[in-house]
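Okay, upload_5.cif is below, mmCIF, C-alpha atoms:
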data_protein
#
loop_
_atom_site.group_PDB
_atom_site.id
_atom_site.type_symbol
_atom_site.label_atom_id
_atom_site.label_comp_id
_atom_site.auth_asym_id
_atom_site.auth_seq_id
_atom_site.Cartn_x
_atom_site.Cartn_y
_atom_site.Cartn_z
ATOM 1 C CA MET H 53 -20.654 4.982 0.672
ATOM 2 C CA ALA H 54 -17.910 7.437 -0.183
ATOM 3 C CA SER H 55 -14.754 7.032 -2.171
ATOM 4 C CA ARG H 56 -11.551 6.854 -0.207
ATOM 5 C CA VAL H 57 -7.840 6.383 -0.540
ATOM 6 C CA LEU H 58 -5.926 4.178 1.868
ATOM 7 C CA ILE H 59 -2.173 3.885 2.147
ATOM 8 C CA SER H 60 -0.098 1.824 4.502
ATOM 9 C CA VAL H 61 3.555 2.243 5.456
ATOM 10 C CA ARG H 62 5.703 0.291 7.940
ATOM 11 C CA VAL H 63 7.867 2.330 10.305
ATOM 12 C CA LYS H 64 10.528 1.039 12.665
ATOM 13 C CA SER H 65 9.105 1.933 16.070
ATOM 14 C CA THR H 66 6.364 1.129 18.524
ATOM 15 C CA PRO H 67 2.845 2.361 17.715
ATOM 16 C CA LEU H 68 3.076 4.845 20.590
ATOM 17 C CA ARG H 69 6.337 6.337 19.326
ATOM 18 C CA ALA H 70 4.932 6.549 15.781
ATOM 19 C CA PHE H 71 1.857 8.333 17.129
ATOM 20 C CA GLU H 72 4.059 10.782 19.050
ATOM 21 C CA VAL H 73 6.173 11.587 16.009
ATOM 22 C CA PHE H 74 3.074 11.959 13.849
ATOM 23 C CA THR H 75 1.465 14.435 16.224
ATOM 24 C CA SER H 76 4.317 16.223 18.045
ATOM 25 C CA ASP H 77 6.857 16.371 15.237
ATOM 26 C CA ILE H 78 4.559 17.004 12.287
ATOM 27 C CA ALA H 79 6.343 20.270 11.500
ATOM 28 C CA LEU H 80 9.586 18.318 11.090
ATOM 29 C CA TRP H 81 8.440 15.616 8.683
ATOM 30 C CA TRP H 82 5.654 17.363 6.775
ATOM 31 C CA ASN H 83 6.609 18.273 3.252
ATOM 32 C CA SER H 84 4.314 20.749 1.586
ATOM 33 C CA ASN H 85 3.236 19.792 -1.908
ATOM 34 C CA PRO H 86 2.169 22.592 -4.280
ATOM 35 C CA GLU H 87 -0.551 20.300 -5.638
ATOM 36 C CA PHE H 88 -2.269 20.000 -2.262
ATOM 37 C CA VAL H 89 -1.891 23.383 -0.540
ATOM 38 C CA PHE H 90 -4.267 24.440 2.230
ATOM 39 C CA THR H 91 -4.248 28.167 1.466
ATOM 40 C CA PRO H 92 -2.978 30.501 -1.244
ATOM 41 C CA ARG H 93 -0.375 31.698 1.293
ATOM 42 C CA SER H 94 0.931 28.237 2.163
ATOM 43 C CA PRO H 95 3.257 26.641 3.004
ATOM 44 C CA GLY H 96 3.428 27.339 6.683
ATOM 45 C CA GLU H 97 4.227 25.170 9.661
ATOM 46 C CA MET H 98 1.936 22.288 10.581
ATOM 47 C CA ALA H 99 0.949 21.670 14.197
ATOM 48 C CA PHE H 100 -1.567 19.817 16.297
ATOM 49 C CA GLU H 101 -2.850 22.266 18.888
ATOM 50 C CA GLY H 102 -3.940 20.923 22.245
ATOM 51 C CA GLN H 103 -5.105 17.606 20.858
ATOM 52 C CA THR H 104 -8.051 19.510 19.451
ATOM 53 C CA ARG H 105 -7.132 20.725 15.979
ATOM 54 C CA LEU H 106 -4.613 20.542 13.153
ATOM 55 C CA VAL H 107 -3.446 23.925 11.930
ATOM 56 C CA GLU H 108 -1.053 25.455 9.476
ATOM 57 C CA ARG H 109 0.747 28.508 10.878
ATOM 58 C CA LEU H 110 1.311 30.714 7.874
ATOM 59 C CA PRO H 111 4.331 32.943 7.300
ATOM 60 C CA SER H 112 1.986 35.944 7.591
ATOM 61 C CA GLY H 113 1.290 35.013 11.208
ATOM 62 C CA LYS H 114 -2.229 33.850 10.467
ATOM 63 C CA VAL H 115 -3.275 30.402 11.619
ATOM 64 C CA PHE H 116 -5.366 28.283 9.263
ATOM 65 C CA GLU H 117 -7.408 25.491 10.819
ATOM 66 C CA VAL H 118 -7.099 22.401 8.642
ATOM 67 C CA GLY H 119 -9.552 20.474 10.788
ATOM 68 C CA LYS H 120 -10.734 19.510 14.237
ATOM 69 C CA VAL H 121 -9.296 16.416 15.868
ATOM 70 C CA THR H 122 -12.084 13.855 16.183
ATOM 71 C CA ALA H 123 -10.077 10.976 17.670
ATOM 72 C CA TRP H 124 -6.888 11.111 19.756
ATOM 73 C CA GLU H 125 -5.949 7.656 20.974
ATOM 74 C CA PRO H 126 -2.144 7.591 21.475
ATOM 75 C CA GLY H 127 -0.566 4.570 19.833
ATOM 76 C CA VAL H 128 -3.841 3.451 18.299
ATOM 77 C CA ARG H 129 -5.779 5.964 16.249
ATOM 78 C CA LEU H 130 -5.922 9.586 15.243
ATOM 79 C CA ALA H 131 -8.627 11.288 13.199
ATOM 80 C CA PHE H 132 -9.060 14.838 12.039
ATOM 81 C CA GLY H 133 -10.876 16.964 9.502
ATOM 82 C CA TRP H 134 -9.091 18.261 6.428
ATOM 83 C CA ARG H 135 -10.237 21.240 4.439
ATOM 84 C CA GLN H 136 -8.606 23.775 2.238
ATOM 85 C CA ALA H 137 -9.292 27.498 2.433
ATOM 86 C CA THR H 138 -11.062 27.358 -0.921
ATOM 87 C CA PHE H 139 -13.634 24.777 0.224
ATOM 88 C CA THR H 140 -17.246 25.819 0.594
ATOM 89 C CA PRO H 141 -18.877 25.002 3.966
ATOM 90 C CA ASP H 142 -20.327 21.765 2.615
ATOM 91 C CA GLN H 143 -16.999 20.566 1.284
ATOM 92 C CA MET H 144 -15.093 18.549 3.858
ATOM 93 C CA THR H 145 -12.714 15.632 3.920
ATOM 94 C CA ASP H 146 -11.619 13.439 6.801
ATOM 95 C CA VAL H 147 -8.382 11.685 7.639
ATOM 96 C CA GLU H 148 -8.051 8.650 9.889
ATOM 97 C CA VAL H 149 -4.639 7.320 10.893
ATOM 98 C CA ILE H 150 -4.327 3.852 12.406
ATOM 99 C CA PHE H 151 -1.221 2.615 14.228
ATOM 100 C CA GLU H 152 -0.813 -1.169 14.474
ATOM 101 C CA ALA H 153 2.109 -3.211 15.774
ATOM 102 C CA VAL H 154 3.423 -5.714 13.223
ATOM 103 C CA GLY H 155 6.281 -7.590 14.861
ATOM 104 C CA ALA H 156 8.870 -5.003 15.896
ATOM 105 C CA GLU H 157 7.455 -2.445 13.469
ATOM 106 C CA THR H 158 4.326 -0.340 13.235
ATOM 107 C CA ARG H 159 1.993 -0.249 10.285
ATOM 108 C CA VAL H 160 0.737 3.295 9.834
ATOM 109 C CA THR H 161 -2.417 3.360 7.726
ATOM 110 C CA VAL H 162 -3.865 6.634 6.462
ATOM 111 C CA ILE H 163 -7.457 6.628 5.185
ATOM 112 C CA HIS H 164 -8.615 9.827 3.523
ATOM 113 C CA THR H 165 -12.320 10.144 2.704
ATOM 114 C CA GLY H 166 -14.671 12.846 1.540
ATOM 115 C CA TRP H 167 -13.120 13.977 -1.720
ATOM 116 C CA ASP H 168 -16.454 13.230 -3.444
ATOM 117 C CA SER H 169 -17.680 16.476 -1.881
ATOM 118 C CA VAL H 170 -15.148 18.424 -3.945
ATOM 119 C CA PRO H 171 -16.043 18.512 -7.645
ATOM 120 C CA ARG H 172 -13.512 17.991 -10.391
ATOM 121 C CA GLU H 173 -13.856 21.649 -11.402
ATOM 122 C CA HIS H 174 -12.737 22.834 -7.971
ATOM 123 C CA VAL H 175 -9.236 24.311 -7.884
ATOM 124 C CA ALA H 176 -8.195 21.703 -5.302
ATOM 125 C CA LYS H 177 -8.759 18.906 -7.811
ATOM 126 C CA HIS H 178 -6.761 20.534 -10.627
ATOM 127 C CA GLY H 179 -9.273 19.136 -13.111
ATOM 128 C CA MET H 180 -8.399 15.596 -12.156
ATOM 129 C CA GLU H 181 -10.946 12.806 -12.159
ATOM 130 C CA ASN H 182 -11.539 11.676 -8.561
ATOM 131 C CA GLY H 183 -9.852 8.252 -8.813
ATOM 132 C CA TYR H 184 -6.737 9.713 -10.393
ATOM 133 C CA PHE H 185 -6.692 12.527 -7.863
ATOM 134 C CA LEU H 186 -6.903 9.991 -5.020
ATOM 135 C CA LYS H 187 -3.997 8.045 -6.515
ATOM 136 C CA ARG H 188 -1.818 11.160 -6.553
ATOM 137 C CA HIS H 189 -2.963 12.124 -3.102
ATOM 138 C CA GLY H 190 -2.245 8.612 -1.843
ATOM 139 C CA ASP H 191 1.243 8.715 -3.307
ATOM 140 C CA TRP H 192 1.823 11.980 -1.478
ATOM 141 C CA TRP H 193 0.593 10.465 1.789
ATOM 142 C CA ARG H 194 3.012 7.581 1.280
ATOM 143 C CA GLU H 195 5.844 10.043 0.768
ATOM 144 C CA LEU H 196 4.824 11.926 3.922
ATOM 145 C CA ILE H 197 4.603 8.818 6.090
ATOM 146 C CA ASP H 198 7.935 7.594 4.689
ATOM 147 C CA ARG H 199 9.431 10.888 5.860
ATOM 148 C CA MET H 200 7.726 10.495 9.219
ATOM 149 C CA GLY H 201 9.186 6.993 9.449
ATOM 150 C CA GLU H 202 12.685 8.391 9.065
ATOM 151 C CA ARG H 203 12.184 10.384 12.261
ATOM 152 C CA VAL H 204 10.931 7.646 14.576
ATOM 153 C CA MET T 154 15.031 3.450 3.929
ATOM 154 C CA ALA T 155 11.580 3.930 2.504
ATOM 155 C CA TRP T 156 10.110 1.155 0.422
ATOM 156 C CA LYS T 157 10.013 1.939 -3.295
ATOM 157 C CA ARG T 158 7.812 0.457 -5.956
ATOM 158 C CA PRO T 159 9.813 -2.215 -7.778
ATOM 159 C CA ALA T 160 10.542 -1.708 -11.461
ATOM 160 C CA LEU T 161 8.316 -4.642 -12.395
ATOM 161 C CA THR T 162 4.887 -5.175 -10.845
ATOM 162 C CA SER T 163 2.250 -7.664 -11.949
ATOM 163 C CA ALA T 164 -1.342 -6.450 -12.126
ATOM 164 C CA VAL T 165 -3.640 -9.355 -11.317
ATOM 165 C CA VAL T 166 -7.252 -9.245 -12.494
ATOM 166 C CA TYR T 167 -10.202 -10.394 -10.407
ATOM 167 C CA LYS T 168 -13.981 -10.409 -10.723
ATOM 168 C CA ASP T 169 -14.066 -9.583 -7.016
ATOM 169 C CA PRO T 170 -10.902 -7.636 -6.189
ATOM 170 C CA ARG T 171 -12.076 -6.847 -2.661
ATOM 171 C CA ALA T 172 -12.330 -10.547 -1.842
ATOM 172 C CA ALA T 173 -8.951 -11.049 -3.513
ATOM 173 C CA LEU T 174 -7.316 -8.425 -1.281
ATOM 174 C CA LYS T 175 -8.526 -10.285 1.775
ATOM 175 C CA PHE T 176 -7.523 -13.667 0.400
ATOM 176 C CA LEU T 177 -4.017 -12.516 -0.550
ATOM 177 C CA GLU T 178 -3.514 -11.079 2.920
ATOM 178 C CA ASP T 179 -4.874 -14.133 4.708
ATOM 179 C CA ALA T 180 -3.246 -16.732 2.483
ATOM 180 C CA PHE T 181 0.128 -15.251 1.601
ATOM 181 C CA GLY T 182 0.682 -12.419 4.058
ATOM 182 C CA PHE T 183 0.546 -9.702 1.419
ATOM 183 C CA GLU T 184 -0.028 -6.229 2.852
ATOM 184 C CA ILE T 185 -2.188 -3.515 1.294
ATOM 185 C CA ILE T 186 -0.100 -0.399 0.713
ATOM 186 C CA LEU T 187 -2.494 1.528 -1.513
ATOM 187 C CA LEU T 188 -6.239 1.192 -2.010
ATOM 188 C CA ILE T 189 -8.469 3.568 -3.932
ATOM 189 C CA GLU T 190 -12.205 3.045 -3.719
ATOM 190 C CA GLY T 191 -14.903 4.659 -5.825
ATOM 191 C CA PRO T 192 -18.079 6.295 -4.495
ATOM 192 C CA ASP T 193 -19.838 2.924 -4.655
ATOM 193 C CA GLY T 194 -17.113 1.263 -2.579
ATOM 194 C CA SER T 195 -15.663 -0.548 -5.574
ATOM 195 C CA VAL T 196 -11.913 -1.130 -5.776
ATOM 196 C CA GLY T 197 -10.558 1.378 -8.272
ATOM 197 C CA HIS T 198 -6.915 0.529 -7.790
ATOM 198 C CA SER T 199 -4.866 -1.298 -5.225
ATOM 199 C CA GLU T 200 -1.324 -2.335 -4.544
ATOM 200 C CA MET T 201 -0.064 -4.971 -2.148
ATOM 201 C CA ARG T 202 3.458 -5.443 -0.907
ATOM 202 C CA PHE T 203 5.307 -8.606 -0.026
ATOM 203 C CA GLY T 204 8.930 -8.193 0.984
ATOM 204 C CA SER T 205 10.658 -6.269 -1.777
ATOM 205 C CA GLY T 206 7.945 -7.067 -4.318
ATOM 206 C CA ALA T 207 4.436 -5.883 -5.094
ATOM 207 C CA VAL T 208 1.303 -6.767 -7.028
ATOM 208 C CA MET T 209 -1.578 -4.628 -8.164
ATOM 209 C CA VAL T 210 -5.017 -6.121 -7.626
ATOM 210 C CA GLY T 211 -7.733 -4.868 -9.927
ATOM 211 C CA SER T 212 -11.072 -5.562 -11.527
ATOM 212 C CA GLU T 213 -11.980 -6.676 -15.039
ATOM 213 C CA TRP T 214 -11.756 -3.042 -16.046
ATOM 214 C CA THR T 215 -11.789 -3.548 -19.809
ATOM 215 C CA ALA T 216 -13.185 -6.278 -22.034
ATOM 216 C CA GLU T 217 -9.631 -7.534 -22.425
ATOM 217 C CA HIS T 218 -8.869 -7.855 -18.730
ATOM 218 C CA LYS T 219 -10.332 -11.112 -17.453
ATOM 219 C CA SER T 220 -10.055 -13.233 -14.374
ATOM 220 C CA PRO T 221 -9.514 -16.961 -14.966
ATOM 221 C CA ALA T 222 -12.955 -17.323 -13.350
ATOM 222 C CA SER T 223 -14.445 -15.589 -16.407
ATOM 223 C CA ILE T 224 -12.584 -17.512 -19.100
ATOM 224 C CA GLY T 225 -12.822 -21.141 -18.120
ATOM 225 C CA GLY T 226 -9.874 -21.154 -15.733
ATOM 226 C CA LEU T 227 -7.334 -20.124 -18.371
ATOM 227 C CA MET T 228 -4.518 -17.656 -17.796
ATOM 228 C CA THR T 229 -1.494 -16.463 -19.685
ATOM 229 C CA GLN T 230 0.719 -15.501 -16.782
ATOM 230 C CA THR T 231 1.370 -16.677 -13.265
ATOM 231 C CA VAL T 232 3.058 -14.855 -10.434
ATOM 232 C CA HIS T 233 5.976 -16.321 -8.533
ATOM 233 C CA VAL T 234 6.502 -15.370 -4.900
ATOM 234 C CA GLN T 235 9.914 -15.879 -3.302
ATOM 235 C CA LEU T 236 10.126 -16.003 0.475
ATOM 236 C CA GLU T 237 13.012 -13.702 1.355
ATOM 237 C CA ASP T 238 13.037 -14.041 5.124
ATOM 238 C CA PRO T 239 15.048 -17.117 6.158
ATOM 239 C CA ASN T 240 12.931 -17.285 9.307
ATOM 240 C CA ASP T 241 9.861 -18.019 7.199
ATOM 241 C CA SER T 242 8.934 -21.624 6.556
ATOM 242 C CA ILE T 243 7.555 -22.451 3.155
ATOM 243 C CA ASP T 244 5.703 -25.463 4.544
ATOM 244 C CA ALA T 245 4.019 -23.234 7.119
ATOM 245 C CA HIS T 246 3.299 -20.719 4.353
ATOM 246 C CA CYS T 247 1.589 -23.474 2.371
ATOM 247 C CA GLU T 248 -0.535 -24.486 5.348
ATOM 248 C CA ARG T 249 -1.539 -20.876 5.888
ATOM 249 C CA ALA T 250 -2.584 -20.611 2.237
ATOM 250 C CA ARG T 251 -4.529 -23.865 2.423
ATOM 251 C CA ALA T 252 -6.330 -22.715 5.566
ATOM 252 C CA ALA T 253 -7.296 -19.482 3.791
ATOM 253 C CA GLY T 254 -8.898 -21.378 0.933
ATOM 254 C CA ALA T 255 -6.098 -21.842 -1.578
ATOM 255 C CA VAL T 256 -6.258 -25.048 -3.574
ATOM 256 C CA ILE T 257 -2.823 -26.643 -3.377
ATOM 257 C CA VAL T 258 -1.994 -27.885 -6.872
ATOM 258 C CA ALA T 259 1.492 -29.111 -5.964
ATOM 259 C CA GLU T 260 2.557 -29.741 -2.371
ATOM 260 C CA PRO T 261 5.892 -28.332 -1.129
ATOM 261 C CA GLU T 262 8.796 -30.175 -2.693
ATOM 262 C CA THR T 263 12.512 -29.444 -2.829
ATOM 263 C CA GLN T 264 13.648 -28.866 -6.418
ATOM 264 C CA PHE T 265 16.995 -29.738 -7.985
ATOM 265 C CA TYR T 266 18.022 -26.086 -8.014
ATOM 266 C CA GLY T 267 17.859 -25.835 -4.237
ATOM 267 C CA ASP T 268 14.498 -24.140 -3.827
ATOM 268 C CA ARG T 269 11.539 -25.687 -2.073
ATOM 269 C CA THR T 270 8.347 -24.717 -3.887
ATOM 270 C CA TYR T 271 4.620 -25.230 -3.874
ATOM 271 C CA ARG T 272 1.907 -24.192 -6.297
ATOM 272 C CA CYS T 273 -1.661 -23.221 -5.571
ATOM 273 C CA LYS T 274 -4.777 -21.677 -7.061
ATOM 274 C CA ASP T 275 -6.595 -18.763 -5.508
ATOM 275 C CA PRO T 276 -10.431 -18.644 -5.368
ATOM 276 C CA GLU T 277 -10.673 -17.219 -8.909
ATOM 277 C CA GLY T 278 -8.209 -19.703 -10.356
ATOM 278 C CA HIS T 279 -4.991 -17.718 -10.642
ATOM 279 C CA ILE T 280 -1.996 -19.993 -10.163
ATOM 280 C CA TRP T 281 0.648 -18.777 -7.737
ATOM 281 C CA THR T 282 4.012 -20.428 -7.200
ATOM 282 C CA ILE T 283 5.834 -19.882 -3.959
ATOM 283 C CA GLY T 284 9.486 -20.726 -3.452
ATOM 284 C CA GLN T 285 12.215 -20.511 -0.875
ATOM 285 C CA THR T 286 15.897 -21.284 -1.280
ATOM 286 C CA VAL T 287 16.726 -24.073 1.139
ATOM 287 C CA ALA T 288 20.055 -25.343 -0.219
ATOM 288 C CA ALA T 289 23.005 -23.764 -2.012
ATOM 289 C CA THR T 290 23.530 -25.553 -5.300
ATOM 290 C CA THR T 291 25.618 -24.848 -8.380
ATOM 291 C CA PRO T 292 24.745 -24.866 -12.079
ATOM 292 C CA GLU T 293 27.129 -27.829 -12.446
ATOM 293 C CA GLU T 294 25.025 -29.804 -10.001
ATOM 294 C CA TRP T 295 21.846 -28.850 -11.859
ATOM 295 C CA GLU T 296 23.393 -30.097 -15.089
ATOM 296 C CA ALA T 297 24.538 -33.351 -13.484
ATOM 297 C CA GLN T 298 21.043 -34.006 -12.118
ATOM 298 C CA THR T 299 18.975 -33.010 -15.103
ATOM 299 C CA GLY T 300 21.235 -33.117 -18.158
ATOM 300 C CA LEU T 301 20.086 -29.570 -18.944
ATOM 301 C CA LYS T 302 22.723 -27.039 -19.840
ATOM 302 C CA THR T 303 22.625 -23.903 -17.716
ATOM 303 C CA THR T 304 24.023 -20.576 -18.757
ATOM 304 C CA VAL T 305 24.210 -17.945 -16.058
ATOM 305 C CA PHE T 306 24.465 -14.389 -17.314
ATOM 306 C CA LYS T 307 26.233 -12.060 -14.983
ATOM 307 C CA GLU T 308 24.448 -8.889 -13.995
ATOM 308 C CA TRP T 309 25.458 -5.738 -15.802
#
Output the file's structure as structure tokens, nothing else.
Amino acid sequence: MASRVLISVRVKSTPLRAFEVFTSDIALWWNSNPEFVFTPRSPGEMAFEGQTRLVERLPSGKVFEVGKVTAWEPGVRLAFGWRQATFTPDQMTDVEVIFEAVGAETRVTVIHTGWDSVPREHVAKHGMENGYFLKRHGDWWRELIDRMGERV
Amino acid sequence: MAWKRPALTSAVVYKDPRAALKFLEDAFGFEIILLIEGPDGSVGHSEMRFGSGAVMVGSEWTAEHKSPASIGGLMTQTVHVQLEDPNDSIDAHCERARAAGAVIVAEPETQFYGDRTYRCKDPEGHIWTIGQTVAATTPEEWEAQTGLKTTVFKEW
């Protein structure tokens, strides 16, 4: 079993609309955080390409693949890989996003796993112990999904 | 408007925080908003939301953090939950809690101050009180009914 961080945020829309804003409008609500950059040349513009991968289009014109999409179920579930440019091939994390109707709202749950594969000494962890790192990362996810919720 | 952590949050200690997360969702309708699990699947940290409030649910992470289940059912604090949505029914809330395994210590009863409340114990023995304002009453009425003097301090 692997460690994971889970956050949940309610947004005022249907699950389908929340899914659309998450995927189609990610460039509008994403807010780059210097603590969790994908590449040394970030930030760029985030985009899901062809329902197959999540990328960051860098100011240099280069496109960095954050991860392949592994589940694309509009209004229900989205899953994709998540790696930073500094990861070795065996370092990989995964993100799963679940969209559930709760009354007139949608509960958006983000589950991020795989950070055990990245040691504390790695630049991505900033020397942080895994649990503390996950807490900070979870807080950032909450902030991101709050911003997404403002656009639904 | 995004939900913000309230200024005060109780951290409630359990021997089995994972079971507590499920119980608090089933019984009271609390919603997990943050959960951090260690490599062994243990609950490292968690936060649950209910209306404008929140609780943290954690393990006995130091020798000084104990569940009532570990210390003969004793506790030094209890958490009060106020139903904010007027469409909620406190009697229905109590039945939901009972069905989820809460032991009802005091059945729903309307208090002199206009709130209807019940009290229950969760599976590890924490006492929770749940209240809902069902009637508008004044401090003068409280005094007339109980003989207790009430001083209401205005907010800053």
Show me which bits of chain H are within 12 Å of chain T, counting all atoms listed in the file, as a PDB file with C-alpha atoms, in the frame of the given file.
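Saved result, part25.pdb, follows:
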ATOM      1  CA  MET H  53     -20.654   4.982   0.672  1.00  0.00           C
ATOM      2  CA  ALA H  54     -17.910   7.437  -0.183  1.00  0.00           C
ATOM      3  CA  SER H  55     -14.754   7.032  -2.171  1.00  0.00           C
ATOM      4  CA  ARG H  56     -11.551   6.854  -0.207  1.00  0.00           C
ATOM      5  CA  VAL H  57      -7.840   6.383  -0.540  1.00  0.00           C
ATOM      6  CA  LEU H  58      -5.926   4.178   1.868  1.00  0.00           C
ATOM      7  CA  ILE H  59      -2.173   3.885   2.147  1.00  0.00           C
ATOM      8  CA  SER H  60      -0.098   1.824   4.502  1.00  0.00           C
ATOM      9  CA  VAL H  61       3.555   2.243   5.456  1.00  0.00           C
ATOM     10  CA  ARG H  62       5.703   0.291   7.940  1.00  0.00           C
ATOM     11  CA  VAL H  63       7.867   2.330  10.305  1.00  0.00           C
ATOM     12  CA  LYS H  64      10.528   1.039  12.665  1.00  0.00           C
ATOM     13  CA  VAL H 154       3.423  -5.714  13.223  1.00  0.00           C
ATOM     14  CA  ARG H 159       1.993  -0.249  10.285  1.00  0.00           C
ATOM     15  CA  VAL H 160       0.737   3.295   9.834  1.00  0.00           C
ATOM     16  CA  THR H 161      -2.417   3.360   7.726  1.00  0.00           C
ATOM     17  CA  VAL H 162      -3.865   6.634   6.462  1.00  0.00           C
ATOM     18  CA  ILE H 163      -7.457   6.628   5.185  1.00  0.00           C
ATOM     19  CA  HIS H 164      -8.615   9.827   3.523  1.00  0.00           C
ATOM     20  CA  THR H 165     -12.320  10.144   2.704  1.00  0.00           C
ATOM     21  CA  GLY H 166     -14.671  12.846   1.540  1.00  0.00           C
ATOM     22  CA  TRP H 167     -13.120  13.977  -1.720  1.00  0.00           C
ATOM     23  CA  ASP H 168     -16.454  13.230  -3.444  1.00  0.00           C
ATOM     24  CA  SER H 169     -17.680  16.476  -1.881  1.00  0.00           C
ATOM     25  CA  GLU H 181     -10.946  12.806 -12.159  1.00  0.00           C
ATOM     26  CA  ASN H 182     -11.539  11.676  -8.561  1.00  0.00           C
ATOM     27  CA  GLY H 183      -9.852   8.252  -8.813  1.00  0.00           C
ATOM     28  CA  TYR H 184      -6.737   9.713 -10.393  1.00  0.00           C
ATOM     29  CA  PHE H 185      -6.692  12.527  -7.863  1.00  0.00           C
ATOM     30  CA  LEU H 186      -6.903   9.991  -5.020  1.00  0.00           C
ATOM     31  CA  LYS H 187      -3.997   8.045  -6.515  1.00  0.00           C
ATOM     32  CA  ARG H 188      -1.818  11.160  -6.553  1.00  0.00           C
ATOM     33  CA  HIS H 189      -2.963  12.124  -3.102  1.00  0.00           C
ATOM     34  CA  GLY H 190      -2.245   8.612  -1.843  1.00  0.00           C
ATOM     35  CA  ASP H 191       1.243   8.715  -3.307  1.00  0.00           C
ATOM     36  CA  TRP H 192       1.823  11.980  -1.478  1.00  0.00           C
ATOM     37  CA  TRP H 193       0.593  10.465   1.789  1.00  0.00           C
ATOM     38  CA  ARG H 194       3.012   7.581   1.280  1.00  0.00           C
ATOM     39  CA  GLU H 195       5.844  10.043   0.768  1.00  0.00           C
ATOM     40  CA  LEU H 196       4.824  11.926   3.922  1.00  0.00           C
ATOM     41  CA  ILE H 197       4.603   8.818   6.090  1.00  0.00           C
ATOM     42  CA  ASP H 198       7.935   7.594   4.689  1.00  0.00           C
ATOM     43  CA  ARG H 199       9.431  10.888   5.860  1.00  0.00           C
ATOM     44  CA  MET H 200       7.726  10.495   9.219  1.00  0.00           C
ATOM     45  CA  GLY H 201       9.186   6.993   9.449  1.00  0.00           C
ATOM     46  CA  GLU H 202      12.685   8.391   9.065  1.00  0.00           C
ATOM     47  CA  ARG H 203      12.184  10.384  12.261  1.00  0.00           C
TER      48      ARG H 203
END
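Across the structure, CA of Thr158 in chain H and CA of Thr66 in chain H are spaced 5.9 Å apart.
Within 9 Å of range 99-107 of chain H, once all atoms listed in the file are used and residues closer than 5 positions along the same chain are dropped, the contacting residues are Thr75, Ser76, Asp77, Ile78, Ala79, Val115, Phe116, Glu117, Val118, Gly119, Lys120, Val121, Thr122, Ala123, Trp124, Phe132, Gly133 and Trp134 of chain H.
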(request) Please write as a PyMOL selection string the full residue list that the PyMOL selection byres ((chain T and resi 165-171) around 9) yields on this file. (result) chain T and resi 163-164+172-176+195-196+199+208-214+218-223+232+277+279
(request) Write out as an MDAnalysis selection string the residues lying within 10 Å of Val170 in chain H, counting all atoms listed in the file and excluding same-chain residues fewer than 2 positions away. (result) chainID H and resid 139:140 142:145 166:168 172:177 182
(message) For a test of reading the model, state the distance in Å between CA of Val287 in chain T and CA of Pro239 in chain T, rounded to one decimal.
(response) 8.7 Å
(request) Quick one: pull the distance between CA of Lys307 in chain T and CA of Glu293 in chain T, Å, one decimal. (result) 16.0 Å
(request) Just the residues within 7 Å of Ala137 in chain H, please, counting only C-alpha atoms, with nothing from its chain fewer than 2 positions along; format it as JSON, numbers by chain. (result) {"H": [90, 91, 135, 139]}
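Residues in contact with Arg158 in chain T at up to 9 Å, not including ones fewer than 2 positions away on its chain and judged by all atoms listed in the file, are Trp156, Ala160, Leu161, Thr162, Arg202, Ser205, Gly206 and Ala207 of chain T.
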(request) Excluding range 258-262 of chain T and any residue of its chain fewer than 4 positions from it, enumerate the residues within 7 Å of it, using all atoms listed in the file, and give them as number ranges by chain. (result) T: 244, 269-274
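Shortest atom-to-atom contact with Ile257 in chain T among T:Val234, T:Ile280, T:Ala245, T:Leu177: T:Ile280, counting all atoms listed in the file.
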(message) Here is a test: counting only C-alpha atoms, which residue of H:Arg69, H:His178, H:Arg109, H:Lys114 is nearest to Val128 in chain H?
(response) H:Arg69
Box for range 220-236 of chain T: with edges along x, y and z, all listed atoms inside and 5 Å added on each side, what are the centre and edge lengths in Å to one decimal, as AutoDock Vina command-line options?
--center_x -2.2 --center_y -17.2 --center_z -9.6 --size_x 34.6 --size_y 17.9 --size_z 30.2
